[in-house]
$ cat upload21.cif   # mmCIF, C-alpha atoms
data_run
#
loop_
_atom_site.label_atom_id
_atom_site.label_comp_id
_atom_site.auth_asym_id
_atom_site.auth_seq_id
_atom_site.Cartn_x
_atom_site.Cartn_y
_atom_site.Cartn_z
CA MET N 72 65.61 28.96 -99.82
CA HIS N 73 66.89 26.55 -102.46
CA ASP N 74 67.23 27.68 -106.08
CA TYR N 75 65.59 25.00 -108.21
CA ARG N 76 67.90 25.93 -111.11
CA ARG N 77 71.01 25.05 -109.10
CA ILE N 78 69.46 21.72 -108.19
CA ALA N 79 68.69 21.13 -111.86
CA ASP N 80 72.30 22.07 -112.71
CA ARG N 81 73.61 19.38 -110.33
CA ILE N 82 71.37 16.73 -111.85
CA ALA N 83 72.37 17.88 -115.34
CA ALA N 84 76.04 17.52 -114.35
CA ASP N 85 75.37 13.95 -113.19
CA ILE N 86 73.76 13.19 -116.55
CA SER N 87 76.67 14.76 -118.45
CA ALA N 88 79.26 12.83 -116.41
CA GLY N 89 77.44 9.53 -116.86
CA ARG N 90 76.56 9.13 -113.19
CA LEU N 91 72.93 9.10 -114.34
CA ARG N 92 72.66 6.86 -117.39
CA PRO N 93 70.28 7.16 -120.36
CA GLY N 94 66.97 5.54 -119.52
CA GLU N 95 67.58 5.69 -115.76
CA ARG N 96 64.62 6.68 -113.64
CA LEU N 97 64.95 9.64 -111.28
CA PRO N 98 63.51 9.29 -107.75
CA PRO N 99 59.88 10.39 -107.31
CA GLN N 100 59.77 14.11 -106.64
CA ARG N 101 58.58 13.81 -103.02
CA LYS N 102 61.25 11.23 -102.25
CA PHE N 103 63.89 13.44 -103.88
CA ALA N 104 62.68 16.41 -101.82
CA ARG N 105 62.89 14.48 -98.53
CA ARG N 106 66.34 13.10 -99.36
CA HIS N 107 67.74 16.57 -100.08
CA GLY N 108 65.82 18.50 -97.46
CA ILE N 109 63.98 20.74 -99.89
CA ALA N 110 60.34 21.63 -100.46
CA ALA N 111 58.32 19.38 -102.74
CA SER N 112 57.50 22.40 -104.88
CA THR N 113 61.23 23.09 -105.37
CA ALA N 114 61.80 19.51 -106.50
CA GLU N 115 58.87 19.82 -108.91
CA ARG N 116 60.34 22.98 -110.42
CA ALA N 117 63.81 21.40 -110.70
CA TYR N 118 62.39 18.40 -112.54
CA GLY N 119 60.39 20.75 -114.75
CA GLU N 120 63.57 22.65 -115.59
CA LEU N 121 65.26 19.40 -116.65
CA VAL N 122 62.30 18.62 -118.89
CA ARG N 123 62.55 22.11 -120.40
CA ARG N 124 66.25 21.57 -121.15
CA GLY N 125 65.43 18.32 -122.91
CA LEU N 126 67.51 16.20 -120.52
CA VAL N 127 64.69 14.09 -119.08
CA VAL N 128 61.19 13.05 -120.02
CA GLY N 129 58.27 12.81 -117.61
CA GLU N 130 55.77 10.02 -118.10
CA VAL N 131 52.42 10.28 -116.33
CA GLY N 132 52.01 7.45 -113.83
CA ARG N 133 55.50 6.10 -114.49
CA GLY N 134 58.04 8.70 -113.42
CA THR N 135 60.84 10.83 -114.85
CA PHE N 136 63.58 9.26 -116.99
CA VAL N 137 66.92 10.43 -118.38
CA ARG N 138 66.57 10.77 -122.14
CA THR N 139 68.02 7.97 -124.23
CA THR N 140 68.29 10.19 -127.29
CA PRO N 141 69.82 13.69 -127.39
CA PRO N 142 67.38 16.60 -127.49
CA VAL N 143 66.69 17.90 -130.99
CA ARG N 144 65.37 21.16 -132.29
CA PRO N 145 61.57 21.02 -132.43
CA GLY N 146 60.37 19.78 -135.78
CA ARG N 147 63.88 19.18 -137.13
CA GLY N 148 63.30 15.54 -137.92
CA LEU N 149 60.13 16.30 -139.84
CA ILE N 150 61.72 18.72 -142.30
CA GLU N 151 65.42 17.77 -142.50
CA ASP N 152 67.16 14.52 -143.39
CA ALA N 153 68.13 12.70 -140.20
CA GLY N 154 71.00 10.93 -141.96
CA ALA N 155 69.66 7.45 -141.20
CA ALA N 156 69.87 4.62 -143.72
CA VAL N 157 66.06 4.54 -143.78
CA ASN N 158 64.37 7.78 -142.75
CA LEU N 159 60.81 7.39 -141.47
CA GLU N 160 60.89 10.91 -139.97
CA LEU N 161 61.18 12.87 -143.21
CA ASN N 162 57.84 12.62 -145.01
CA TYR N 163 57.83 14.16 -148.48
CA PRO N 164 56.16 11.96 -151.11
CA SER N 165 57.62 11.58 -154.58
CA VAL N 166 56.33 9.39 -157.41
CA GLU N 167 57.96 7.90 -160.47
CA GLY N 168 58.35 10.41 -163.31
CA GLN N 169 57.73 13.39 -161.03
CA SER N 170 60.87 15.34 -161.98
CA GLU N 171 60.27 14.88 -165.71
CA LEU N 172 56.67 16.03 -165.33
CA LEU N 173 57.68 19.16 -163.40
CA ALA N 174 60.53 19.99 -165.78
CA ALA N 175 58.20 20.25 -168.76
CA THR N 176 56.36 23.18 -167.18
CA LEU N 177 59.55 24.87 -165.97
CA ALA N 178 61.09 25.00 -169.45
CA PRO N 179 59.09 28.02 -170.72
CA LEU N 180 60.06 30.01 -167.60
CA LEU N 181 63.73 29.76 -168.57
CA ARG N 182 63.34 31.89 -171.70
CA PRO N 183 65.17 35.16 -170.97
CA ASP N 184 62.13 37.38 -171.56
CA VAL N 185 59.87 35.25 -169.33
CA LEU N 186 62.57 34.72 -166.70
CA ALA N 187 63.12 38.48 -166.34
CA GLU N 188 59.48 38.85 -165.27
CA ALA N 189 59.58 35.75 -163.04
CA LEU N 190 62.56 37.11 -161.11
CA ARG N 191 60.72 40.23 -159.95
CA PRO N 192 59.38 40.37 -156.36
CA ALA N 193 55.92 38.91 -155.75
CA ALA N 194 53.18 40.65 -153.79
CA ALA N 195 51.50 38.87 -150.88
CA ASP N 196 48.39 38.38 -153.03
CA GLY N 197 50.42 36.99 -155.92
CA THR N 198 48.95 37.43 -159.38
CA PRO N 199 45.37 37.13 -160.68
CA ALA N 200 46.33 33.94 -162.51
CA ALA N 201 47.84 32.44 -159.35
CA ARG N 202 44.78 33.30 -157.28
CA GLU N 203 42.38 31.76 -159.82
CA ALA N 204 44.49 28.62 -160.17
CA THR N 205 44.76 28.22 -156.39
CA ALA N 206 41.04 28.73 -155.88
CA ALA N 207 40.34 25.96 -158.37
CA LEU N 208 42.93 23.66 -156.77
CA LEU N 209 41.55 24.07 -153.24
CA THR N 210 37.88 23.74 -154.17
CA THR N 211 35.99 20.87 -152.52
CA PRO N 212 32.40 19.66 -153.12
CA GLY N 213 31.03 22.00 -150.47
CA TRP N 214 33.50 24.91 -150.58
CA ARG N 215 35.18 27.19 -153.10
CA PRO N 216 37.46 29.94 -151.80
CA GLY N 217 37.11 33.39 -153.27
CA PRO N 218 40.27 34.29 -155.24
CA ASP N 219 40.31 37.72 -153.59
CA ARG N 220 40.82 36.01 -150.20
CA ILE N 221 43.98 34.10 -151.21
CA LEU N 222 47.51 35.08 -150.14
CA PHE N 223 50.85 33.37 -150.84
CA THR N 224 53.91 32.51 -148.77
CA GLY N 225 57.10 30.54 -149.32
CA ASN N 226 55.59 27.37 -147.82
CA ALA N 227 52.78 26.18 -145.57
CA ARG N 228 54.86 26.59 -142.40
CA GLN N 229 55.25 30.27 -143.23
CA SER N 230 51.51 30.48 -143.81
CA VAL N 231 50.92 29.13 -140.29
CA ALA N 232 53.41 31.66 -138.89
CA ALA N 233 51.82 34.57 -140.76
CA ALA N 234 48.30 33.62 -139.71
CA LEU N 235 49.25 33.27 -136.04
CA ALA N 236 51.35 36.46 -136.07
CA SER N 237 48.37 38.39 -137.45
CA LEU N 238 45.99 36.99 -134.83
CA VAL N 239 47.94 36.62 -131.58
CA ARG N 240 50.01 39.08 -129.61
CA PRO N 241 53.09 37.86 -127.70
CA GLY N 242 51.88 36.19 -124.52
CA GLY N 243 48.59 35.17 -126.09
CA ARG N 244 47.12 31.67 -125.81
CA VAL N 245 46.40 29.41 -128.76
CA GLY N 246 44.46 26.17 -128.39
CA VAL N 247 45.83 23.11 -130.22
CA GLU N 248 45.14 19.39 -130.28
CA GLU N 249 47.02 17.66 -127.45
CA LEU N 250 49.21 16.01 -130.09
CA THR N 251 50.22 18.48 -132.78
CA TYR N 252 52.71 19.23 -135.55
CA PRO N 253 56.07 19.93 -133.80
CA VAL N 254 56.94 22.82 -136.10
CA VAL N 255 53.90 24.68 -134.72
CA VAL N 256 55.45 24.41 -131.25
CA GLU N 257 58.60 26.02 -132.62
CA ILE N 258 56.65 28.76 -134.40
CA ALA N 259 54.73 29.55 -131.21
CA ALA N 260 57.95 29.78 -129.20
CA ARG N 261 59.45 32.24 -131.69
CA LEU N 262 56.29 34.37 -131.66
CA GLY N 263 56.03 34.33 -127.86
CA ILE N 264 52.74 32.41 -127.97
CA THR N 265 51.57 29.93 -125.33
CA LEU N 266 50.07 26.73 -126.70
CA VAL N 267 47.20 25.19 -124.74
CA PRO N 268 46.71 21.43 -125.29
CA LEU N 269 43.08 20.48 -125.84
CA ALA N 270 41.52 17.05 -125.40
CA THR N 271 40.71 14.93 -128.42
CA ASP N 272 38.89 11.64 -128.98
CA GLU N 273 38.52 9.16 -131.83
CA ASP N 274 36.71 11.86 -133.82
CA GLY N 275 39.23 14.63 -133.34
CA LEU N 276 39.21 17.83 -131.31
CA ARG N 277 36.44 18.01 -128.70
CA PRO N 278 34.34 21.21 -128.85
CA ASP N 279 33.72 21.08 -125.08
CA ALA N 280 37.52 21.19 -124.53
CA VAL N 281 37.73 24.37 -126.63
CA VAL N 282 34.94 26.01 -124.65
CA ALA N 283 36.37 24.97 -121.27
CA ALA N 284 39.87 26.25 -122.10
CA HIS N 285 38.50 29.57 -123.35
CA ARG N 286 36.48 30.06 -120.17
CA THR N 287 39.52 29.31 -118.00
CA ALA N 288 41.53 32.04 -119.72
CA PRO N 289 40.57 33.50 -123.12
CA LEU N 290 42.17 31.93 -126.16
CA SER N 291 43.34 34.23 -128.95
CA ALA N 292 43.01 31.59 -131.65
CA LEU N 293 42.76 27.89 -132.39
CA TYR N 294 45.15 25.81 -134.55
CA VAL N 295 43.65 22.56 -135.84
CA GLN N 296 44.24 19.79 -138.37
CA PRO N 297 40.77 18.30 -138.98
CA THR N 298 41.81 16.29 -142.05
CA LEU N 299 44.33 13.44 -141.68
CA HIS N 300 45.65 14.87 -138.45
CA ASN N 301 49.42 14.63 -138.06
CA PRO N 302 50.44 12.32 -136.34
CA THR N 303 47.29 10.25 -135.65
CA SER N 304 45.68 10.37 -139.15
CA VAL N 305 42.27 11.09 -137.57
CA THR N 306 39.82 12.89 -139.85
CA THR N 307 37.07 14.83 -138.11
CA SER N 308 33.56 13.84 -139.17
CA PRO N 309 31.18 16.34 -140.83
CA GLU N 310 29.01 16.31 -137.69
CA ARG N 311 31.96 17.16 -135.44
CA ARG N 312 33.04 19.92 -137.85
CA HIS N 313 29.61 21.49 -137.53
CA GLN N 314 29.92 21.27 -133.74
CA LEU N 315 33.37 22.87 -133.78
CA ALA N 316 32.14 25.60 -136.12
CA ASP N 317 29.24 26.34 -133.77
CA ALA N 318 31.60 26.46 -130.77
CA VAL N 319 34.10 28.88 -132.33
CA SER N 320 31.27 31.00 -133.71
CA ASP N 321 29.71 31.28 -130.25
CA LEU N 322 33.10 32.25 -128.82
CA ASP N 323 34.02 34.47 -131.81
CA LEU N 324 37.33 32.56 -131.81
CA PRO N 325 39.57 32.76 -134.91
CA VAL N 326 40.86 29.45 -136.30
CA VAL N 327 43.96 28.46 -138.28
CA GLU N 328 43.06 25.27 -140.18
CA ASP N 329 46.05 23.34 -141.49
CA ARG N 330 45.09 21.33 -144.60
CA ILE N 331 48.55 20.44 -145.93
CA TRP N 332 47.64 16.72 -146.20
CA SER N 333 44.02 17.25 -147.27
CA PHE N 334 44.79 16.55 -150.95
CA LEU N 335 44.84 12.84 -150.00
CA ALA N 336 41.19 13.06 -148.87
CA GLU N 337 39.37 13.69 -152.13
CA THR N 338 35.95 14.92 -150.96
CA ASP N 339 36.71 16.45 -147.58
CA ASP N 340 35.30 19.95 -146.90
CA PRO N 341 37.27 22.29 -144.64
CA LEU N 342 36.07 23.73 -141.36
CA ALA N 343 36.09 27.02 -143.26
CA ALA N 344 32.98 25.85 -145.13
CA HIS N 345 31.05 26.14 -141.85
CA ALA N 346 32.66 29.25 -140.31
CA PRO N 347 34.08 31.33 -143.20
CA GLY N 348 34.28 34.51 -141.16
CA LEU N 349 36.67 32.99 -138.62
CA VAL N 350 38.72 30.26 -140.31
CA HIS N 351 42.11 30.90 -141.93
CA VAL N 352 42.93 27.96 -144.23
CA VAL N 353 46.58 26.95 -144.64
CA ASP N 354 47.73 24.72 -147.50
CA GLY N 355 50.58 24.46 -149.99
CA LEU N 356 52.46 22.46 -152.59
CA SER N 357 55.30 20.91 -150.59
CA LYS N 358 53.45 17.59 -150.26
CA ARG N 359 51.47 17.74 -153.50
CA VAL N 360 54.59 18.64 -155.52
CA ALA N 361 57.99 18.92 -153.80
CA PRO N 362 59.59 20.78 -150.87
CA GLY N 363 62.43 22.33 -152.85
CA LEU N 364 60.27 24.51 -155.10
CA THR N 365 57.01 25.18 -153.33
CA VAL N 366 54.42 27.81 -152.44
CA GLY N 367 52.21 28.16 -149.36
CA PHE N 368 48.56 29.23 -149.53
CA LEU N 369 46.44 31.22 -147.11
CA VAL N 370 42.69 31.61 -147.54
CA VAL N 371 41.57 34.23 -145.02
CA PRO N 372 38.25 35.76 -143.98
CA PRO N 373 37.38 38.79 -146.13
CA SER N 374 37.80 41.24 -143.27
CA ARG N 375 41.35 40.02 -142.52
CA VAL N 376 43.02 40.04 -145.94
CA GLN N 377 44.97 43.24 -145.29
CA ALA N 378 46.05 42.29 -141.76
CA VAL N 379 47.38 38.90 -142.86
CA ALA N 380 49.05 40.38 -145.95
CA ASP N 381 50.82 42.86 -143.66
CA ALA N 382 52.02 39.96 -141.50
CA VAL N 383 53.34 38.11 -144.57
CA ARG N 384 55.31 41.18 -145.65
CA SER N 385 56.67 42.11 -142.21
CA GLY N 386 57.70 38.52 -141.50
CA GLY N 387 59.52 38.14 -144.81
CA TRP N 388 57.30 35.15 -145.56
CA GLY N 389 56.28 36.06 -149.10
CA ALA N 390 56.48 33.56 -151.95
CA GLY N 391 59.27 33.88 -154.51
CA ARG N 392 57.98 35.08 -157.88
CA PHE N 393 59.71 32.25 -159.79
CA ALA N 394 58.16 29.62 -157.50
CA LEU N 395 54.78 31.33 -157.82
CA GLU N 396 54.96 31.33 -161.63
CA ALA N 397 56.05 27.69 -161.68
CA ALA N 398 53.26 26.72 -159.27
CA THR N 399 50.67 28.56 -161.38
CA GLY N 400 51.81 26.66 -164.45
CA TRP N 401 51.69 23.32 -162.65
CA MET N 402 48.21 24.01 -161.30
CA THR N 403 46.73 25.21 -164.61
CA ASP N 404 48.23 22.60 -166.96
CA GLY N 405 47.10 19.62 -164.88
CA THR N 406 50.53 18.67 -163.52
CA VAL N 407 49.47 19.02 -159.88
CA ALA N 408 46.29 17.02 -160.51
CA ARG N 409 48.30 14.19 -162.07
CA LEU N 410 50.75 14.16 -159.17
CA VAL N 411 47.90 14.14 -156.66
CA ARG N 412 46.29 11.11 -158.30
CA ALA N 413 49.63 9.28 -158.33
CA LYS N 414 50.36 10.14 -154.69
CA ARG N 415 46.93 8.99 -153.53
CA ALA N 416 47.62 5.61 -155.13
CA ASP N 417 51.14 5.56 -153.69
CA ALA N 418 49.92 6.33 -150.16
CA ALA N 419 47.30 3.57 -150.38
CA HIS N 420 49.99 1.10 -151.50
CA ARG N 421 52.30 2.06 -148.64
CA GLN N 422 49.46 1.69 -146.15
CA ARG N 423 48.92 -1.86 -147.38
CA VAL N 424 52.61 -2.56 -146.80
CA LEU N 425 52.31 -1.09 -143.32
CA ALA N 426 49.28 -3.25 -142.53
CA ARG N 427 51.13 -6.40 -143.59
CA CYS N 428 54.34 -5.64 -141.73
CA LEU N 429 52.80 -4.42 -138.46
CA ALA N 430 49.80 -6.74 -138.29
CA GLY N 431 48.88 -7.43 -134.67
CA PHE N 432 50.36 -4.20 -133.30
CA ALA N 433 48.37 -1.18 -132.10
CA VAL N 434 48.82 1.02 -135.16
CA ARG N 435 46.46 3.90 -135.84
CA SER N 436 46.28 5.22 -139.37
CA ASP N 437 44.05 5.95 -142.34
CA PRO N 438 44.23 4.04 -145.66
CA ARG N 439 44.74 7.40 -147.39
CA ALA N 440 47.52 8.76 -145.16
CA TYR N 441 51.29 8.87 -145.57
CA TYR N 442 51.95 8.27 -141.86
CA ALA N 443 50.90 6.13 -138.93
CA TRP N 444 50.82 6.40 -135.13
CA TRP N 445 52.20 3.29 -133.44
CA GLN N 446 51.36 2.72 -129.78
CA LEU N 447 54.34 0.64 -128.69
CA PRO N 448 53.93 -2.65 -126.84
CA ALA N 449 55.09 -2.82 -123.22
CA PRO N 450 57.71 -2.49 -121.90
CA TRP N 451 58.93 -0.25 -124.71
CA ARG N 452 59.05 3.49 -124.13
CA SER N 453 59.16 5.96 -126.98
CA GLU N 454 62.68 7.12 -126.12
CA THR N 455 64.21 3.66 -125.86
CA PHE N 456 62.50 2.41 -129.01
CA THR N 457 63.61 5.45 -131.01
CA ALA N 458 67.20 4.92 -129.87
CA ALA N 459 67.07 1.17 -130.62
CA ALA N 460 65.66 1.85 -134.09
CA ALA N 461 68.37 4.43 -134.76
CA ALA N 462 71.00 1.83 -133.84
CA LEU N 463 69.55 -0.30 -136.65
CA GLY N 464 69.76 2.60 -139.11
CA ILE N 465 66.07 3.53 -139.01
CA ALA N 466 64.89 7.01 -137.99
CA VAL N 467 61.40 7.33 -136.50
CA SER N 468 59.69 10.29 -134.82
CA PRO N 469 59.29 9.81 -131.05
CA GLY N 470 55.80 10.39 -129.69
CA PRO N 471 56.83 13.08 -127.18
CA SER N 472 57.86 15.32 -130.11
CA PHE N 473 54.15 15.79 -130.84
CA ALA N 474 52.98 16.26 -127.24
CA VAL N 475 52.22 19.87 -126.33
CA ASP N 476 52.32 19.06 -122.62
CA PRO N 477 55.93 17.95 -121.82
CA GLY N 478 54.60 16.06 -118.81
CA ARG N 479 52.58 13.72 -121.03
CA THR N 480 54.87 11.58 -123.14
CA PRO N 481 53.04 8.89 -125.11
CA ASP N 482 54.78 5.56 -125.60
CA ALA N 483 54.33 5.83 -129.34
CA VAL N 484 56.21 6.73 -132.49
CA ARG N 485 55.09 8.29 -135.74
CA LEU N 486 56.10 6.45 -138.88
CA GLY N 487 56.46 8.60 -141.99
CA LEU N 488 55.78 6.38 -145.00
CA ALA N 489 56.38 8.81 -147.85
CA SER N 490 60.11 9.30 -148.33
CA ALA N 491 61.71 5.86 -148.23
CA PRO N 492 61.74 3.79 -151.46
CA PRO N 493 59.03 1.09 -151.21
CA ALA N 494 61.45 -1.82 -150.86
CA ASP N 495 63.41 -0.01 -148.14
CA LEU N 496 60.17 0.90 -146.39
CA GLU N 497 59.03 -2.72 -146.24
CA ARG N 498 62.40 -3.95 -144.94
CA ALA N 499 62.46 -1.20 -142.31
CA LEU N 500 58.93 -1.93 -141.11
CA ARG N 501 59.68 -5.65 -140.80
CA THR N 502 62.84 -4.82 -138.85
CA LEU N 503 60.88 -2.56 -136.51
CA ALA N 504 58.25 -5.26 -136.01
CA GLU N 505 60.97 -7.72 -134.99
CA LEU N 506 62.49 -5.12 -132.66
CA ALA N 507 59.14 -4.41 -131.00
CA SER N 508 58.45 -8.12 -130.57
CA ARG N 509 61.81 -8.69 -128.86
CA GLY N 510 60.97 -6.12 -126.21
CA ALA N 511 63.25 -3.65 -124.50
CA GLY N 512 65.51 -6.19 -122.86
CA GLN N 513 68.60 -4.76 -124.52
CA SER N 514 67.73 -1.16 -123.68
CA SER N 515 68.93 0.72 -120.66
CA ARG N 516 65.44 0.86 -119.15
CA PRO N 517 65.81 0.74 -115.32
CA SER N 518 64.03 -1.96 -113.33
#

$ encode --input "upload21.cif" --output "structure tokens"
Amino acid sequence: MHDYRRIADRIAADISAGRLRPGERLPPQRKFARRHGIAASTAERAYGELVRRGLVVGEVGRGTFVRTTPPVRPGRGLIEDAGAAVNLELNYPSVEGQSELLAATLAPLLRPDVLAEALRPAAADGTPAAREATAALLTTPGWRPGPDRILFTGNARQSVAAALASLVRPGGRVGVEELTYPVVVEIAARLGITLVPLATDEDGLRPDAVVAAHRTAPLSALYVQPTLHNPTSVTTSPERRHQLADAVSDLDLPVVEDRIWSFLAETDDPLAAHAPGLVHVVDGLSKRVAPGLTVGFLVVPPSRVQAVADAVRSGGWGAGRFALEAATGWMTDGTVARLVRAKRADAAHRQRVLARCLAGFAVRSDPRAYYAWWQLPAPWRSETFTAAAAALGIAVSPGPSFAVDPGRTPDAVRLGLASAPPADLERALRTLAELASRGAGQSSRPS
């Protein structure tokens, strides 16, 4: 009996010592098994262990390759500065005059009498003024959330964590789009939740995939991004939303709907408009306003307000009172609305720059979005392109970071358009276009 972990340790030692170089392809599993006199299943488990450790990547139909970039914490590049000269991982939009606009509303909070109140702890349901302001902010043409269903957290990521913690026990299964927000993968790991990748198409999540997965083994919940999906920018059509709502209603399956980028889609109704008794809406101000002083929102079904509030409190995910008071002021005095209008125009401008610089490449995006999904030209692989871009001082998000199934690693990168100054963004995109056109001849890709 061979221990697959010891076999993985030996391969890991070869990688560490440089005997296996970055980008080098490992032998096919059956060939490896024959060469070492082990069972094919043992080789499969050893390779799987190397994938789990972040030392190799498996590419369907192509093989298993030694990583060309070091493993990173899930989601790190999407929320922390990567230190590159031009960072197309970090994706927080900011517009001219934003700080001055925000400061005007903060000034009254700094009066000693007002500040004393703002420094007190905040309840999970915030204040009546905050709930009314948030309800107005989140209202769409076909949906208005009841203020009594709104809860507050420190940011939208904490809202996702609180919603999932309230719905899913450790060991439970949560369905997600096959490409999803990497931070959700990290949240699931910390909560002991298994994510189940579900098939999508050009219109978003497929209802039949939800039903099939639930029949295989019951799902505890569904996490979806129907509006400007990150990373592909796909927005689910109204017809598909009705179909998804019917499917989850038939299954009585709770849903966590992430709408953090929905402010860029002016008239888009949430899935919650069609299944209000099941859908937990997550949103926040980190993208609308700024990540450093933000608040997360949760709109929950009426029957679940107490359960989710308990999860917010027990997880320590509550919003700070000062941030909540600032957010309420920004929402009620029109500051958030002005920033949203400016950021919609800014995103549209950056998309035009993207279209010019990457014309002729297979780029999937939406004219309203702050990101794009770039299917790389052959023979580039995601890992080698990410490493080559980093060598040029440009940070991009490798496609495998978004793949729930570690065995399916798309040869794509996500480009975050929001954080880099416009001139730097254009130069970086032109540099990446030149890099992609040259091919991977200078990479360590094995023949």

$ resolve_selection --input "upload21.cif" --expression "the PyMOL selection byres ((chain N and resi 279-286) around 9)" --output "PDB file with C-alpha atoms, in the coordinates of the input"
ATOM      1  CA  GLY N 246      44.460  26.170-128.390  1.00  0.00           C
ATOM      2  CA  VAL N 247      45.830  23.110-130.220  1.00  0.00           C
ATOM      3  CA  VAL N 267      47.200  25.190-124.740  1.00  0.00           C
ATOM      4  CA  PRO N 268      46.710  21.430-125.290  1.00  0.00           C
ATOM      5  CA  LEU N 269      43.080  20.480-125.840  1.00  0.00           C
ATOM      6  CA  ALA N 270      41.520  17.050-125.400  1.00  0.00           C
ATOM      7  CA  THR N 271      40.710  14.930-128.420  1.00  0.00           C
ATOM      8  CA  LEU N 276      39.210  17.830-131.310  1.00  0.00           C
ATOM      9  CA  ARG N 277      36.440  18.010-128.700  1.00  0.00           C
ATOM     10  CA  PRO N 278      34.340  21.210-128.850  1.00  0.00           C
ATOM     11  CA  THR N 287      39.520  29.310-118.000  1.00  0.00           C
ATOM     12  CA  ALA N 288      41.530  32.040-119.720  1.00  0.00           C
ATOM     13  CA  PRO N 289      40.570  33.500-123.120  1.00  0.00           C
ATOM     14  CA  LEU N 290      42.170  31.930-126.160  1.00  0.00           C
ATOM     15  CA  SER N 291      43.340  34.230-128.950  1.00  0.00           C
ATOM     16  CA  LEU N 293      42.760  27.890-132.390  1.00  0.00           C
ATOM     17  CA  LEU N 315      33.370  22.870-133.780  1.00  0.00           C
ATOM     18  CA  ALA N 318      31.600  26.460-130.770  1.00  0.00           C
ATOM     19  CA  VAL N 319      34.100  28.880-132.330  1.00  0.00           C
ATOM     20  CA  LEU N 322      33.100  32.250-128.820  1.00  0.00           C
TER      21      LEU N 322
END

$ residues_around --input "upload21.cif" --residues "segment 250-252 of chain N" --least-positions-apart "5" --cutoff "9 Å" --atoms "only C-alpha atoms" --output "number ranges by chain"
N: 146, 268-269, 271, 295-296, 300-303, 470-476

$ closest_residue --input "upload21.cif" --among "N:Leu425, N:Ala156, N:Val366, N:Ala114" --to "Ile78 of chain N" --atoms "all atoms listed in the file"
N:Ala114

$ resolve_selection --input "upload21.cif" --expression "the PyMOL selection byres ((chain N and resi 331) around 9)" --output "MDAnalysis selection string"
chainID N and resid 227 296 298 329:330 332:334 353:359

$ resolve_selection --input "upload21.cif" --expression "the PyMOL selection byres ((chain N and resi 350) around 9)" --output "PDB file with C-alpha atoms, keeping the file's coordinate frame"
ATOM      1  CA  LEU N 324      37.330  32.560-131.810  1.00  0.00           C
ATOM      2  CA  PRO N 325      39.570  32.760-134.910  1.00  0.00           C
ATOM      3  CA  VAL N 326      40.860  29.450-136.300  1.00  0.00           C
ATOM      4  CA  VAL N 327      43.960  28.460-138.280  1.00  0.00           C
ATOM      5  CA  GLU N 328      43.060  25.270-140.180  1.00  0.00           C
ATOM      6  CA  LEU N 342      36.070  23.730-141.360  1.00  0.00           C
ATOM      7  CA  ALA N 343      36.090  27.020-143.260  1.00  0.00           C
ATOM      8  CA  ALA N 344      32.980  25.850-145.130  1.00  0.00           C
ATOM      9  CA  HIS N 345      31.050  26.140-141.850  1.00  0.00           C
ATOM     10  CA  ALA N 346      32.660  29.250-140.310  1.00  0.00           C
ATOM     11  CA  PRO N 347      34.080  31.330-143.200  1.00  0.00           C
ATOM     12  CA  GLY N 348      34.280  34.510-141.160  1.00  0.00           C
ATOM     13  CA  LEU N 349      36.670  32.990-138.620  1.00  0.00           C
ATOM     14  CA  HIS N 351      42.110  30.900-141.930  1.00  0.00           C
ATOM     15  CA  VAL N 352      42.930  27.960-144.230  1.00  0.00           C
ATOM     16  CA  VAL N 370      42.690  31.610-147.540  1.00  0.00           C
ATOM     17  CA  VAL N 371      41.570  34.230-145.020  1.00  0.00           C
ATOM     18  CA  PRO N 372      38.250  35.760-143.980  1.00  0.00           C
TER      19      PRO N 372
END

$ residues_near_point --input "upload21.cif" --point "(60.1, 38.6, -138.0)" --cutoff "10 Å" --atoms "all atoms listed in the file" --output "list in words"
Ala232, Ala233, Ala236, Arg261, Leu262, Ala382, Val383, Arg384, Ser385, Gly386, Gly387 and Trp388 of chain N

$ closest_residue --input "upload21.cif" --among "N:Asp381, N:Glu257, N:Asp404, N:Asp321" --to "Leu238 of chain N" --atoms "only C-alpha atoms"
N:Asp381

$ atom_distance --input "upload21.cif" --atom1 "atom CA of Asn158 of chain N" --atom2 "atom CA of Pro469 of chain N"
12.9 Å

$ residues_around --input "upload21.cif" --residues "segment 189-196 of chain N" --least-positions-apart "5" --cutoff "10 Å" --atoms "only C-alpha atoms" --output "PyMOL selection string"
chain N and resi 180-181+183-184+201-202+218-224+368-369+376-377+379-384+388-397
